[in-house]
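Written below as structure tokens is the structure these notes are about.
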Amino acid sequence: MLNLKLYILPNDLRGTLRDMHKLMENSVVIKGSHRDVVNAIRSIIGSANIWAIGDVICSSLIKYGIIPRVCVFDERTQREPTHESIDLSKFNKVIEVMNPRGTISEDTLNKLRHIAKIDERIAVRVIGEEDLLALAALIVASINSYIAYGLPKKGAVLIPVTSNNKKVAKDLLKRFEMMEVHSGPL
């Protein structure tokens with residue numbers, strides 16, 4: 001039997017989460033080619049750890065020389081199969097999580113929390129959708145690291161992990177609806 005505890009995005013938060021970066025201090029939207037975006041990220045983060053959420057940003061960072069501390073991907077871009085390939089050999093470990101669309105599963109949040117405590121490069125393959133996991137990453141990543149995710153047709157967002165940004169992320173998650181899903185054997 002499969003039991004999933006899910007934080008479900010309420011309708012009134014959809015627009016807010018789409019523009020989550022606007023709520024975060026010192027966040028930036030970086031526009032340009034993939035190479036230009038990565039170069040701008042490099043100049044901002046220096047040697048700090050970065051969590052990349054999304055196939056295109058993960059692939060681009062690796063292609064242009066930044067290996068994320070954590071790379072979260074679902075092998076889809078804008079809900080279509082992606083043509084981006086992520087070099088998984090750059091990571092110490094690849095794990096899988098189940099995270100249905102429009103949710104953050106408690107299991108995923110717990111696994112990300114565990115990943116934040118270990119000193120390895122981890123790739124996280126999401127069965128479902130990774131779109132809301134930037135919020136989860138902000139909650140669990142260590143202070144002074146960064147969260148990067150793609151903004152389709154606009155570029156990428158880079159958010160520094162600060163105590164204030166963590167608080168904003170936690171407050172947003174508290175507004176999600178909690179639901180437990182049970183299903184029979186797979």
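Convention: chains lettered A, B, ... in structure tokens order; per-chain residue numbering from 1; ligands numbered from 1 as shown.
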Residues of segment 23-122 of chain A that approach segment 146-155 of chain A to 6 Å or less, counting only C-alpha atoms: could you list each one with the shortest pair of atoms and its distance in Å to one decimal, rows by chain and increasing residue number, as a tab-separated table?
```
residue	atom	partner	partner_atom	distance
A:Ile30	CA	A:Gly155	CA	5.5
A:Lys31	CA	A:Gly155	CA	4.5
A:Ile50	CA	A:Tyr146	CA	4.7
A:Trp51	CA	A:Ile147	CA	4.8
A:Ala52	CA	A:Ala148	CA	4.9
A:Ile53	CA	A:Tyr149	CA	4.9
A:Gly54	CA	A:Tyr149	CA	6.0
A:Ile57	CA	A:Gly150	CA	5.9
```
Output N, CA, C and O atoms for every residue in that selection, as a PDB file, in the first residue's frame.
```pdb
ATOM      1  N   ILE A  30      17.448  36.504 -14.302  1.00  0.00           N
ATOM      2  CA  ILE A  30      18.577  36.637 -15.228  1.00  0.00           C
ATOM      3  C   ILE A  30      18.089  36.237 -16.618  1.00  0.00           C
ATOM      4  O   ILE A  30      17.572  35.139 -16.800  1.00  0.00           O
ATOM      5  N   LYS A  31      18.260  37.150 -17.568  1.00  0.00           N
ATOM      6  CA  LYS A  31      17.801  36.902 -18.937  1.00  0.00           C
ATOM      7  C   LYS A  31      18.995  36.708 -19.841  1.00  0.00           C
ATOM      8  O   LYS A  31      20.092  37.172 -19.556  1.00  0.00           O
ATOM      9  N   ILE A  50      24.815  25.718  -4.888  1.00  0.00           N
ATOM     10  CA  ILE A  50      23.597  26.065  -5.604  1.00  0.00           C
ATOM     11  C   ILE A  50      22.732  24.820  -5.757  1.00  0.00           C
ATOM     12  O   ILE A  50      23.238  23.731  -6.028  1.00  0.00           O
ATOM     13  N   TRP A  51      21.445  24.993  -5.545  1.00  0.00           N
ATOM     14  CA  TRP A  51      20.438  23.960  -5.787  1.00  0.00           C
ATOM     15  C   TRP A  51      19.730  24.364  -7.066  1.00  0.00           C
ATOM     16  O   TRP A  51      19.160  25.458  -7.135  1.00  0.00           O
ATOM     17  N   ALA A  52      19.746  23.518  -8.064  1.00  0.00           N
ATOM     18  CA  ALA A  52      19.108  23.803  -9.340  1.00  0.00           C
ATOM     19  C   ALA A  52      17.821  22.994  -9.443  1.00  0.00           C
ATOM     20  O   ALA A  52      17.837  21.774  -9.289  1.00  0.00           O
ATOM     21  N   ILE A  53      16.730  23.687  -9.709  1.00  0.00           N
ATOM     22  CA  ILE A  53      15.422  23.037  -9.782  1.00  0.00           C
ATOM     23  C   ILE A  53      14.913  23.168 -11.219  1.00  0.00           C
ATOM     24  O   ILE A  53      14.568  24.263 -11.661  1.00  0.00           O
ATOM     25  N   GLY A  54      14.913  22.054 -11.932  1.00  0.00           N
ATOM     26  CA  GLY A  54      14.430  22.062 -13.311  1.00  0.00           C
ATOM     27  C   GLY A  54      15.468  21.530 -14.275  1.00  0.00           C
ATOM     28  O   GLY A  54      16.675  21.712 -14.083  1.00  0.00           O
ATOM     29  N   ILE A  57      17.758  24.343 -16.311  1.00  0.00           N
ATOM     30  CA  ILE A  57      18.765  25.016 -15.491  1.00  0.00           C
ATOM     31  C   ILE A  57      19.833  24.029 -15.027  1.00  0.00           C
ATOM     32  O   ILE A  57      21.023  24.349 -15.013  1.00  0.00           O
TER      33      ILE A  57
END
```
**Asked** Leaving out Lys90 of chain A and any residue of its chain fewer than 6 positions from it, which residues lie within 9 Å of it when counting only C-alpha atoms, given as a VMD selection string?
**Response** chain A and resid 62 67 121 to 123
Just to be explicit: take each residue in the selection above, keep C-alpha atoms, and write the result as a PDB file, in the first residue's frame.
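Written output follows (part-v2.pdb):
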```pdb
ATOM      1  CA  ILE A  62      26.589  21.590 -15.823  1.00  0.00           C
ATOM      2  CA  ILE A  67      28.017  21.532 -10.851  1.00  0.00           C
ATOM      3  CA  ARG A 121      26.329  16.216  -4.863  1.00  0.00           C
ATOM      4  CA  ILE A 122      22.899  14.665  -5.333  1.00  0.00           C
ATOM      5  CA  ALA A 123      20.662  14.462  -8.389  1.00  0.00           C
TER       6      ALA A 123
END
```
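For segment 177-182 of chain A, the non-local neighbours within 7 Å, defined as residues at least 3 positions apart in the same chain or in other chains and counting only C-alpha atoms, are Leu2, Asn3, Leu4, Lys5, Leu6, Tyr7, Ile8, Leu9 and Pro10 of chain A.
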**Request:** Could you give me the residues within segment 45-158 of chain A that DSSP places in strand (DSSP E), as number ranges by chain?
**Result:** A: 50-53, 70-73, 76-77, 80-81, 93-99, 103-105, 122-128, 146-151, 155-158
Got time to write the residues from that selection, N, CA and C atoms, as an mmCIF file, in the first residue's frame?
```
data_model
loop_
_atom_site.group_PDB
_atom_site.id
_atom_site.type_symbol
_atom_site.label_atom_id
_atom_site.label_comp_id
_atom_site.auth_asym_id
_atom_site.auth_seq_id
_atom_site.Cartn_x
_atom_site.Cartn_y
_atom_site.Cartn_z
ATOM 1 N N ILE A 50 24.815 25.718 -4.888
ATOM 2 C CA ILE A 50 23.597 26.065 -5.604
ATOM 3 C C ILE A 50 22.732 24.820 -5.757
ATOM 4 N N TRP A 51 21.445 24.993 -5.545
ATOM 5 C CA TRP A 51 20.438 23.960 -5.787
ATOM 6 C C TRP A 51 19.730 24.364 -7.066
ATOM 7 N N ALA A 52 19.746 23.518 -8.064
ATOM 8 C CA ALA A 52 19.108 23.803 -9.340
ATOM 9 C C ALA A 52 17.821 22.994 -9.443
ATOM 10 N N ILE A 53 16.730 23.687 -9.709
ATOM 11 C CA ILE A 53 15.422 23.037 -9.782
ATOM 12 C C ILE A 53 14.913 23.168 -11.219
ATOM 13 N N VAL A 70 22.814 20.273 -5.564
ATOM 14 C CA VAL A 70 21.626 19.439 -5.748
ATOM 15 C C VAL A 70 20.980 19.841 -7.070
ATOM 16 N N CYS A 71 20.622 18.840 -7.836
ATOM 17 C CA CYS A 71 19.936 19.047 -9.110
ATOM 18 C C CYS A 71 18.619 18.279 -9.050
ATOM 19 N N VAL A 72 17.501 18.993 -9.175
ATOM 20 C CA VAL A 72 16.177 18.388 -9.101
ATOM 21 C C VAL A 72 15.547 18.479 -10.493
ATOM 22 N N PHE A 73 15.156 17.341 -11.053
ATOM 23 C CA PHE A 73 14.644 17.344 -12.426
ATOM 24 C C PHE A 73 13.548 16.301 -12.592
ATOM 25 N N ARG A 76 11.119 16.728 -17.883
ATOM 26 C CA ARG A 76 10.092 17.438 -18.629
ATOM 27 C C ARG A 76 10.386 18.931 -18.565
ATOM 28 N N THR A 77 9.970 19.644 -19.602
ATOM 29 C CA THR A 77 10.061 21.094 -19.621
ATOM 30 C C THR A 77 8.704 21.610 -20.068
ATOM 31 N N GLU A 80 6.220 18.929 -21.090
ATOM 32 C CA GLU A 80 6.523 18.107 -22.265
ATOM 33 C C GLU A 80 7.851 17.404 -22.027
ATOM 34 N N PRO A 81 8.046 16.217 -22.622
ATOM 35 C CA PRO A 81 9.351 15.549 -22.465
ATOM 36 C C PRO A 81 10.478 16.498 -22.900
ATOM 37 N N LYS A 93 25.324 10.654 -6.183
ATOM 38 C CA LYS A 93 24.171 9.779 -6.010
ATOM 39 C C LYS A 93 22.993 10.348 -6.794
ATOM 40 N N VAL A 94 22.158 9.437 -7.296
ATOM 41 C CA VAL A 94 20.885 9.822 -7.920
ATOM 42 C C VAL A 94 19.782 9.146 -7.128
ATOM 43 N N ILE A 95 18.833 9.926 -6.649
ATOM 44 C CA ILE A 95 17.706 9.349 -5.929
ATOM 45 C C ILE A 95 16.420 9.704 -6.670
ATOM 46 N N GLU A 96 15.371 8.952 -6.400
ATOM 47 C CA GLU A 96 14.069 9.237 -6.989
ATOM 48 C C GLU A 96 13.086 9.588 -5.888
ATOM 49 N N VAL A 97 12.220 10.536 -6.200
ATOM 50 C CA VAL A 97 11.142 10.901 -5.290
ATOM 51 C C VAL A 97 9.839 10.942 -6.075
ATOM 52 N N MET A 98 8.742 10.712 -5.386
ATOM 53 C CA MET A 98 7.432 10.820 -6.003
ATOM 54 C C MET A 98 6.814 12.129 -5.542
ATOM 55 N N ASN A 99 6.481 12.971 -6.509
ATOM 56 C CA ASN A 99 5.932 14.277 -6.180
ATOM 57 C C ASN A 99 4.887 14.665 -7.225
ATOM 58 N N THR A 103 1.825 19.748 -6.090
ATOM 59 C CA THR A 103 2.024 19.394 -4.683
ATOM 60 C C THR A 103 3.503 19.440 -4.305
ATOM 61 N N ILE A 104 3.719 19.363 -3.013
ATOM 62 C CA ILE A 104 5.024 19.012 -2.452
ATOM 63 C C ILE A 104 4.737 17.829 -1.539
ATOM 64 N N SER A 105 5.283 16.673 -1.866
ATOM 65 C CA SER A 105 5.019 15.522 -0.997
ATOM 66 C C SER A 105 5.895 15.623 0.247
ATOM 67 N N ILE A 122 24.013 15.595 -5.159
ATOM 68 C CA ILE A 122 22.899 14.665 -5.333
ATOM 69 C C ILE A 122 22.009 15.144 -6.485
ATOM 70 N N ALA A 123 21.666 14.209 -7.358
ATOM 71 C CA ALA A 123 20.662 14.462 -8.389
ATOM 72 C C ALA A 123 19.367 13.807 -7.926
ATOM 73 N N VAL A 124 18.274 14.533 -8.047
ATOM 74 C CA VAL A 124 16.975 14.051 -7.597
ATOM 75 C C VAL A 124 16.042 13.963 -8.813
ATOM 76 N N ARG A 125 15.739 12.727 -9.215
ATOM 77 C CA ARG A 125 14.801 12.515 -10.322
ATOM 78 C C ARG A 125 13.401 12.462 -9.729
ATOM 79 N N VAL A 126 12.540 13.342 -10.209
ATOM 80 C CA VAL A 126 11.188 13.443 -9.689
ATOM 81 C C VAL A 126 10.237 12.661 -10.584
ATOM 82 N N ILE A 127 9.520 11.743 -9.981
ATOM 83 C CA ILE A 127 8.428 11.066 -10.662
ATOM 84 C C ILE A 127 7.207 11.929 -10.356
ATOM 85 N N GLY A 128 6.727 12.619 -11.359
ATOM 86 C CA GLY A 128 5.649 13.585 -11.169
ATOM 87 C C GLY A 128 6.115 14.926 -11.691
ATOM 88 N N TYR A 146 22.286 29.045 -2.707
ATOM 89 C CA TYR A 146 21.372 29.677 -3.657
ATOM 90 C C TYR A 146 20.446 28.631 -4.258
ATOM 91 N N ILE A 147 19.262 29.095 -4.646
ATOM 92 C CA ILE A 147 18.299 28.274 -5.373
ATOM 93 C C ILE A 147 18.156 28.899 -6.757
ATOM 94 N N ALA A 148 18.279 28.071 -7.795
ATOM 95 C CA ALA A 148 18.081 28.554 -9.165
ATOM 96 C C ALA A 148 16.995 27.714 -9.814
ATOM 97 N N TYR A 149 16.125 28.365 -10.563
ATOM 98 C CA TYR A 149 15.122 27.643 -11.340
ATOM 99 C C TYR A 149 14.794 28.445 -12.584
ATOM 100 N N GLY A 150 14.305 27.755 -13.576
ATOM 101 C CA GLY A 150 13.997 28.400 -14.840
ATOM 102 C C GLY A 150 12.686 29.160 -14.790
ATOM 103 N N LEU A 151 12.645 30.216 -15.577
ATOM 104 C CA LEU A 151 11.436 31.003 -15.784
ATOM 105 C C LEU A 151 11.175 30.917 -17.287
ATOM 106 N N GLY A 155 14.164 33.313 -18.778
ATOM 107 C CA GLY A 155 15.510 33.137 -18.248
ATOM 108 C C GLY A 155 15.490 32.266 -17.013
ATOM 109 N N ALA A 156 16.151 32.744 -15.973
ATOM 110 C CA ALA A 156 16.246 31.977 -14.730
ATOM 111 C C ALA A 156 16.107 32.911 -13.539
ATOM 112 N N VAL A 157 15.711 32.318 -12.436
ATOM 113 C CA VAL A 157 15.607 33.034 -11.165
ATOM 114 C C VAL A 157 16.705 32.513 -10.254
ATOM 115 N N LEU A 158 17.344 33.409 -9.546
ATOM 116 C CA LEU A 158 18.351 33.047 -8.554
ATOM 117 C C LEU A 158 17.939 33.688 -7.230
#
```
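Using only C-alpha atoms, the shortest contact distance between Ser33 of chain A and any of A:Asp119, A:Lys166, A:Leu61, A:Lys174 is found at A:Leu61.
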**Request:** Write down as a ChimeraX atom specification the residues belonging to segment 35-117 of chain A that are assigned alpha helix (DSSP H) by DSSP computed on the backbone.
**Result:** /A:35-45,55-63,106-117
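Going from atom CA of Asn165 of chain A to atom CA of Lys111 of chain A covers 20.4 Å.
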**Asked** Just how far from atom CA of Asn49 of chain A is atom CA of Pro68 of chain A, in Å to one decimal?
**Response** 6.8 Å
**Request:** Rank A:Lys167, A:Ile86, A:Leu13, A:Val28 by their smallest atom-to-atom distance to Ile45 of chain A, using only C-alpha atoms, and report the top residue only.
**Result:** A:Val28
**Asked** What gap, in Å, lies between atom CA of Lys170 of chain A and atom CA of Asp74 of chain A?
**Response** 23.4 Å
**Asked** From the set A:Asp55, A:Glu106, A:Ile44, A:Val140, which residue has the shortest atom-to-atom contact distance to Asn26 of chain A, counting only C-alpha atoms?
**Response** A:Ile44
**Request:** With a distance cut-off of 8 Å and only C-alpha atoms, select the neighbouring residues of Met24 of chain A, excluding the residue or stretch itself and same-chain residues fewer than 6 positions from it, and output the selection as a PyMOL selection string.
**Result:** chain A and resi 159+164-165+168
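Between Lys63 of chain A and the residues A:Ser47, A:Arg35, A:Leu88, A:Arg113, the shortest atom-to-atom distance, using only C-alpha atoms, involves A:Arg35.
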